[in-house]
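Shown next: start-v3.txt, containing compact mmCIF, C-alpha atoms.
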# COMPACT_ATOMS: atom_id res chain seq x y z
CA MET A 15 -14.82 16.69 25.82
CA THR A 16 -15.71 13.90 23.41
CA GLY A 17 -17.04 16.43 20.89
CA HIS A 18 -13.77 18.38 21.06
CA PHE A 19 -11.74 15.20 20.46
CA SER A 20 -13.99 14.27 17.55
CA GLN A 21 -13.61 17.72 15.99
CA SER A 22 -9.81 17.62 16.46
CA ARG A 23 -9.66 14.17 14.88
CA THR A 24 -11.78 15.33 11.93
CA ARG A 25 -9.48 18.33 11.43
CA LEU A 26 -6.40 16.10 11.59
CA ASP A 27 -7.87 13.62 9.09
CA ASP A 28 -8.78 16.48 6.72
CA GLN A 29 -5.25 17.91 7.06
CA LEU A 30 -3.68 14.53 6.32
CA ARG A 31 -5.91 14.01 3.26
CA ARG A 32 -4.85 17.42 1.89
CA GLU A 33 -1.18 16.71 2.52
CA LEU A 34 -1.36 13.23 1.01
CA GLY A 35 -3.00 14.74 -2.07
CA GLU A 36 -5.40 13.37 -4.65
CA VAL A 37 -2.97 10.89 -6.18
CA VAL A 38 -2.06 9.19 -2.89
CA MET A 39 -5.66 9.27 -1.66
CA ALA A 40 -6.78 7.60 -4.90
CA GLY A 41 -4.20 4.87 -4.30
CA LEU A 42 -5.41 4.38 -0.73
CA ALA A 43 -8.97 3.99 -2.04
CA ASP A 44 -8.00 1.56 -4.83
CA PRO A 45 -8.25 -2.10 -3.72
CA GLU A 46 -5.62 -3.09 -6.30
CA VAL A 47 -2.94 -0.90 -4.68
CA ILE A 48 -0.81 -2.61 -2.03
CA GLU A 49 1.70 0.09 -1.14
CA ILE A 50 2.48 3.74 -1.90
CA MET A 51 6.00 5.12 -1.51
CA LEU A 52 7.76 8.47 -1.71
CA ASN A 53 11.41 8.18 -2.75
CA ASP A 54 14.08 10.70 -1.79
CA ASP A 55 14.04 12.16 -5.30
CA GLY A 56 10.43 13.26 -4.68
CA THR A 57 8.80 10.61 -6.88
CA LEU A 58 5.68 8.80 -5.74
CA TRP A 59 5.30 5.11 -6.59
CA GLU A 60 2.59 2.55 -6.09
CA ASP A 61 2.74 -1.23 -6.02
CA ARG A 62 -0.33 -2.95 -7.49
CA HIS A 63 -1.51 -6.57 -7.13
CA GLY A 64 0.00 -8.58 -9.95
CA LYS A 65 1.31 -5.49 -11.78
CA GLY A 66 4.31 -4.34 -9.76
CA MET A 67 5.61 -0.82 -9.27
CA SER A 68 4.72 2.26 -11.29
CA ARG A 69 5.41 5.95 -10.90
CA ILE A 70 2.27 7.93 -10.05
CA GLY A 71 3.52 11.48 -9.42
CA SER A 72 5.70 13.54 -7.14
CA MET A 73 5.60 15.35 -3.81
CA GLU A 74 7.58 18.38 -2.68
CA ALA A 75 9.90 17.86 0.28
CA THR A 76 8.15 20.57 2.34
CA ARG A 77 4.75 18.93 1.90
CA ALA A 78 6.23 15.52 2.78
CA LEU A 79 7.81 16.95 5.96
CA ASN A 80 4.48 18.52 6.97
CA LEU A 81 2.68 15.22 6.37
CA ILE A 82 5.26 13.25 8.36
CA GLY A 83 5.08 15.77 11.20
CA HIS A 84 1.29 15.57 11.37
CA VAL A 85 1.34 11.76 11.34
CA ALA A 86 3.94 11.81 14.14
CA ASP A 87 1.73 14.21 16.14
CA ALA A 88 -1.26 11.89 15.68
CA LEU A 89 0.86 8.96 16.91
CA HIS A 90 2.03 11.02 19.90
CA ILE A 91 5.70 10.77 18.92
CA GLN A 92 8.29 13.36 18.00
CA VAL A 93 10.14 13.36 14.73
CA THR A 94 13.35 15.38 14.80
CA ARG A 95 16.85 15.28 13.31
CA GLN A 96 17.85 13.27 16.39
CA SER A 97 14.84 10.93 16.05
CA PRO A 98 14.19 10.88 12.29
CA VAL A 99 11.98 7.76 11.96
CA VAL A 100 8.19 7.56 12.26
CA GLU A 101 6.50 4.15 12.41
CA GLY A 102 2.86 3.42 13.11
CA GLU A 103 -0.63 3.39 11.67
CA LEU A 104 -1.82 6.11 9.33
CA PRO A 105 -4.67 7.70 11.32
CA ILE A 106 -7.10 8.02 8.41
CA ASP A 107 -7.30 4.32 7.51
CA GLY A 108 -4.97 2.23 9.68
CA SER A 109 -2.46 1.56 6.91
CA ARG A 110 1.10 0.90 8.06
CA PHE A 111 3.13 4.12 7.79
CA GLU A 112 6.89 4.46 7.96
CA ALA A 113 8.80 7.65 7.22
CA ILE A 114 12.36 8.90 7.53
CA ILE A 115 13.51 12.52 7.47
CA PRO A 116 16.95 14.13 7.09
CA PRO A 117 19.71 13.69 8.14
CA ASN A 118 19.20 9.93 7.66
CA VAL A 119 18.06 10.60 4.08
CA GLU A 120 18.63 13.49 1.69
CA ARG A 121 14.92 14.31 1.47
CA PRO A 122 11.93 12.94 3.39
CA ILE A 123 10.68 9.51 2.35
CA PHE A 124 7.73 7.37 3.37
CA ALA A 125 6.00 4.09 2.65
CA ILE A 126 2.32 3.40 3.23
CA ARG A 127 1.48 -0.32 3.28
CA LYS A 128 -2.27 -0.77 3.05
CA ARG A 129 -4.15 -3.36 5.04
CA ALA A 130 -4.94 -6.42 2.96
CA ILE A 131 -8.29 -5.94 1.24
CA LYS A 132 -7.89 -8.53 -1.47
CA ILE A 133 -6.30 -11.92 -0.85
CA PHE A 134 -3.89 -12.95 -3.60
CA THR A 135 -4.36 -16.73 -3.38
CA LEU A 136 -1.86 -19.48 -4.15
CA ALA A 137 -3.96 -20.15 -7.27
CA ASP A 138 -3.43 -16.48 -8.23
CA TYR A 139 0.33 -16.90 -7.73
CA LEU A 140 0.20 -19.91 -10.04
CA ALA A 141 -2.01 -18.24 -12.68
CA SER A 142 0.18 -15.14 -12.81
CA GLY A 143 3.38 -17.15 -13.20
CA ILE A 144 4.86 -15.93 -9.91
CA MET A 145 4.84 -19.47 -8.54
CA THR A 146 5.31 -22.79 -10.31
CA ALA A 147 2.95 -25.74 -9.89
CA ALA A 148 5.74 -27.57 -8.07
CA GLN A 149 6.16 -24.70 -5.58
CA LYS A 150 2.41 -24.52 -4.94
CA ASP A 151 2.26 -28.31 -4.49
CA GLU A 152 5.13 -28.15 -2.00
CA ILE A 153 3.32 -25.51 0.08
CA ASP A 154 0.11 -27.55 -0.11
CA ARG A 155 2.02 -30.65 1.04
CA HIS A 156 3.44 -28.85 4.07
CA ILE A 157 0.02 -27.45 4.94
CA ALA A 158 -1.51 -30.94 4.76
CA LEU A 159 1.26 -32.32 6.97
CA LYS A 160 0.88 -29.37 9.38
CA HIS A 161 4.55 -28.52 9.07
CA ASN A 162 6.02 -25.21 10.12
CA ILE A 163 6.23 -22.67 7.31
CA LEU A 164 8.57 -19.73 7.65
CA VAL A 165 8.26 -16.87 5.16
CA VAL A 166 11.20 -14.46 4.97
CA GLY A 167 12.36 -11.85 2.50
CA ALA A 168 13.50 -8.31 1.95
CA THR A 169 11.31 -5.26 2.47
CA GLY A 170 8.65 -5.13 -0.21
CA SER A 171 9.30 -8.70 -1.37
CA GLY A 172 5.73 -9.84 -0.72
CA LYS A 173 6.00 -11.69 2.59
CA THR A 174 2.67 -10.46 3.92
CA THR A 175 0.89 -11.20 0.63
CA LEU A 176 2.32 -14.73 0.54
CA CYS A 177 1.41 -15.34 4.20
CA ASN A 178 -2.14 -14.22 3.49
CA ALA A 179 -2.27 -16.65 0.54
CA ILE A 180 -0.97 -19.49 2.74
CA LEU A 181 -3.46 -18.68 5.50
CA HIS A 182 -6.26 -18.57 2.92
CA ARG A 183 -5.20 -22.01 1.66
CA ILE A 184 -5.13 -23.38 5.22
CA ALA A 185 -8.71 -22.18 5.71
CA GLU A 186 -9.73 -23.87 2.44
CA VAL A 187 -8.09 -27.18 3.36
CA ASP A 188 -9.23 -27.32 6.97
CA PRO A 189 -11.28 -24.44 8.40
CA ASP A 190 -10.94 -25.90 11.91
CA ILE A 191 -7.13 -25.66 11.86
CA ARG A 192 -7.36 -21.91 12.57
CA SER A 193 -7.50 -22.71 16.27
CA GLY A 194 -4.16 -24.50 15.97
CA PHE A 195 -1.89 -21.95 14.34
CA HIS A 196 -0.34 -18.68 15.29
CA VAL A 197 0.77 -15.70 13.26
CA PHE A 198 3.64 -13.85 14.87
CA ASN A 199 4.09 -10.19 14.07
CA ARG A 200 7.40 -8.40 14.51
CA THR A 201 7.22 -4.76 13.37
CA GLN A 202 4.48 -5.68 10.93
CA THR A 203 6.52 -8.42 9.19
CA PHE A 204 4.48 -11.60 9.29
CA PHE A 205 5.35 -15.24 9.27
CA ALA A 206 3.11 -18.19 10.01
CA VAL A 207 3.85 -21.15 12.21
CA LEU A 208 1.61 -24.17 11.82
CA LEU A 209 1.38 -26.36 14.91
Turn the structure described in the file into structure tokens.
Amino acid sequence: MTGHFSQSRTRLDDQLRRELGEVVMAGLADPEVIEIMLNDDGTLWEDRHGKGMSRIGSMEATRALNLIGHVADALHIQVTRQSPVVEGELPIDGSRFEAIIPPNVERPIFAIRKRAIKIFTLADYLASGIMTAAQKDEIDRHIALKHNILVVGATGSGKTTLCNAILHRIAEVDPDIRSGFHVFNRTQTFFAVLL
């Protein structure tokens, strides 16, 4: 039975890799890529650390629907016109996967948010000009005082990346503090609360 499951899983992973295609698979393998998205006009985009969004190709609607259907099958959920949203982990690597099919959108769309491989530190935010020295100092001050820090923002605004940078800074300042903080997760949107 285990061998059959293993063979089925291998077949599913191979199918998903084919449907994702070389361009998306390259993005999933690239540690600089944070997220890969398919817009409803069929364009594929990727978001890279410190570089932002760039167009990387396109995907036909039929192929996108097949991919979304296979991911839904792997997650043991149904995707239909009455239930057009798929949310969960991409089976091949655990990346966060969200997709929507018609009628909620004109054509199928999806976003794949990769697990953090590279931590973009507060120093990186400062060096890249995303954050000012005053903003970094303010975060450092609140970390030192063990104040609550709430990170909020729109989809794709960088909440998870900023939380990872804050958590990295906490570990630098006081490695023992890790036993005294919690990270709450609501549908994969993170915020940190320091106790």
- Task: Enter the distance from CA of Leu34 in chain A to CA of Met51 in chain A, in Å, rounded to one decimal.
- Result: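 Between CA of Leu34 in chain A and CA of Met51 in chain A the gap is 11.2 Å.
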- Item | Among listed residues A:Val85, A:Ile126, A:Ile115, A:Met73, nearest Asp61 in chain A (using all atoms listed in the file) |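 Among the listed residues, A:Ile126 lies closest to Asp61 in chain A.
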- Note on the structure: Separating CA of Ile70 in chain A from CA of Gln92 in chain A, to the nearest tenth of an Å, is a gap of 29.2 Å
- Nearest to Ala40 in chain A among A:Asp188, A:Arg155, A:Glu60, A:Leu104, with distances taken over all atoms listed in the file: which residue is it?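 Among A:Asp188, A:Arg155, A:Glu60, A:Leu104, it is A:Glu60 that comes nearest to Ala40 in chain A.
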- Item | Point-to-point distance from CA of Val165 in chain A to CA of Leu136 in chain A, Å rounded to tenths | 14.0 Å
- Message: Taking (2.9, 14.2, 9.0) in the coordinates of the supplied file, I want to know which residues reach to within 10 Å of it, counting all atoms listed in the file; could you give the answer as a list in words?
- Response: Leu26, Gln29, Leu30, Glu33, Leu34, Arg77, Ala78, Leu79, Asn80, Leu81, Ile82, Gly83, His84, Val85, Ala86, Asp87, Ala88, Leu89, Val93, Val100, Leu104 and Ala113 of chain A
- Task: Give as a list of chain:residue names each residue that has an atom at most 12 Å from (20.8, 14.9, 16.0) in the file, counting all atoms listed in the file.
- Result: A:Val93, A:Thr94, A:Arg95, A:Gln96, A:Ser97, A:Pro98, A:Ile115, A:Pro116, A:Pro117, A:Asn118
Keeping only C-alpha atoms, take the residues you just selected and write them out as a PDB file, keeping the file's coordinate frame.
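Saved the output as result.pdb:
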ATOM      1  CA  VAL A  93      10.140  13.360  14.730  1.00  0.00           C
ATOM      2  CA  THR A  94      13.350  15.380  14.800  1.00  0.00           C
ATOM      3  CA  ARG A  95      16.850  15.280  13.310  1.00  0.00           C
ATOM      4  CA  GLN A  96      17.850  13.270  16.390  1.00  0.00           C
ATOM      5  CA  SER A  97      14.840  10.930  16.050  1.00  0.00           C
ATOM      6  CA  PRO A  98      14.190  10.880  12.290  1.00  0.00           C
ATOM      7  CA  ILE A 115      13.510  12.520   7.470  1.00  0.00           C
ATOM      8  CA  PRO A 116      16.950  14.130   7.090  1.00  0.00           C
ATOM      9  CA  PRO A 117      19.710  13.690   8.140  1.00  0.00           C
ATOM     10  CA  ASN A 118      19.200   9.930   7.660  1.00  0.00           C
TER      11      ASN A 118
END
- Message: Restricting the calculation to only C-alpha atoms: of A:Leu42, A:Asn53, A:His182, A:Gly71, which residue gets closest to Phe124 in chain A?
- Response: A:Asn53
- Message: I need the residue nearest Arg69 in chain A from this list: A:Gly56, A:Gly108, A:Pro122, A:Gly172. Use only C-alpha atoms for the distance.
- Response: A:Gly56
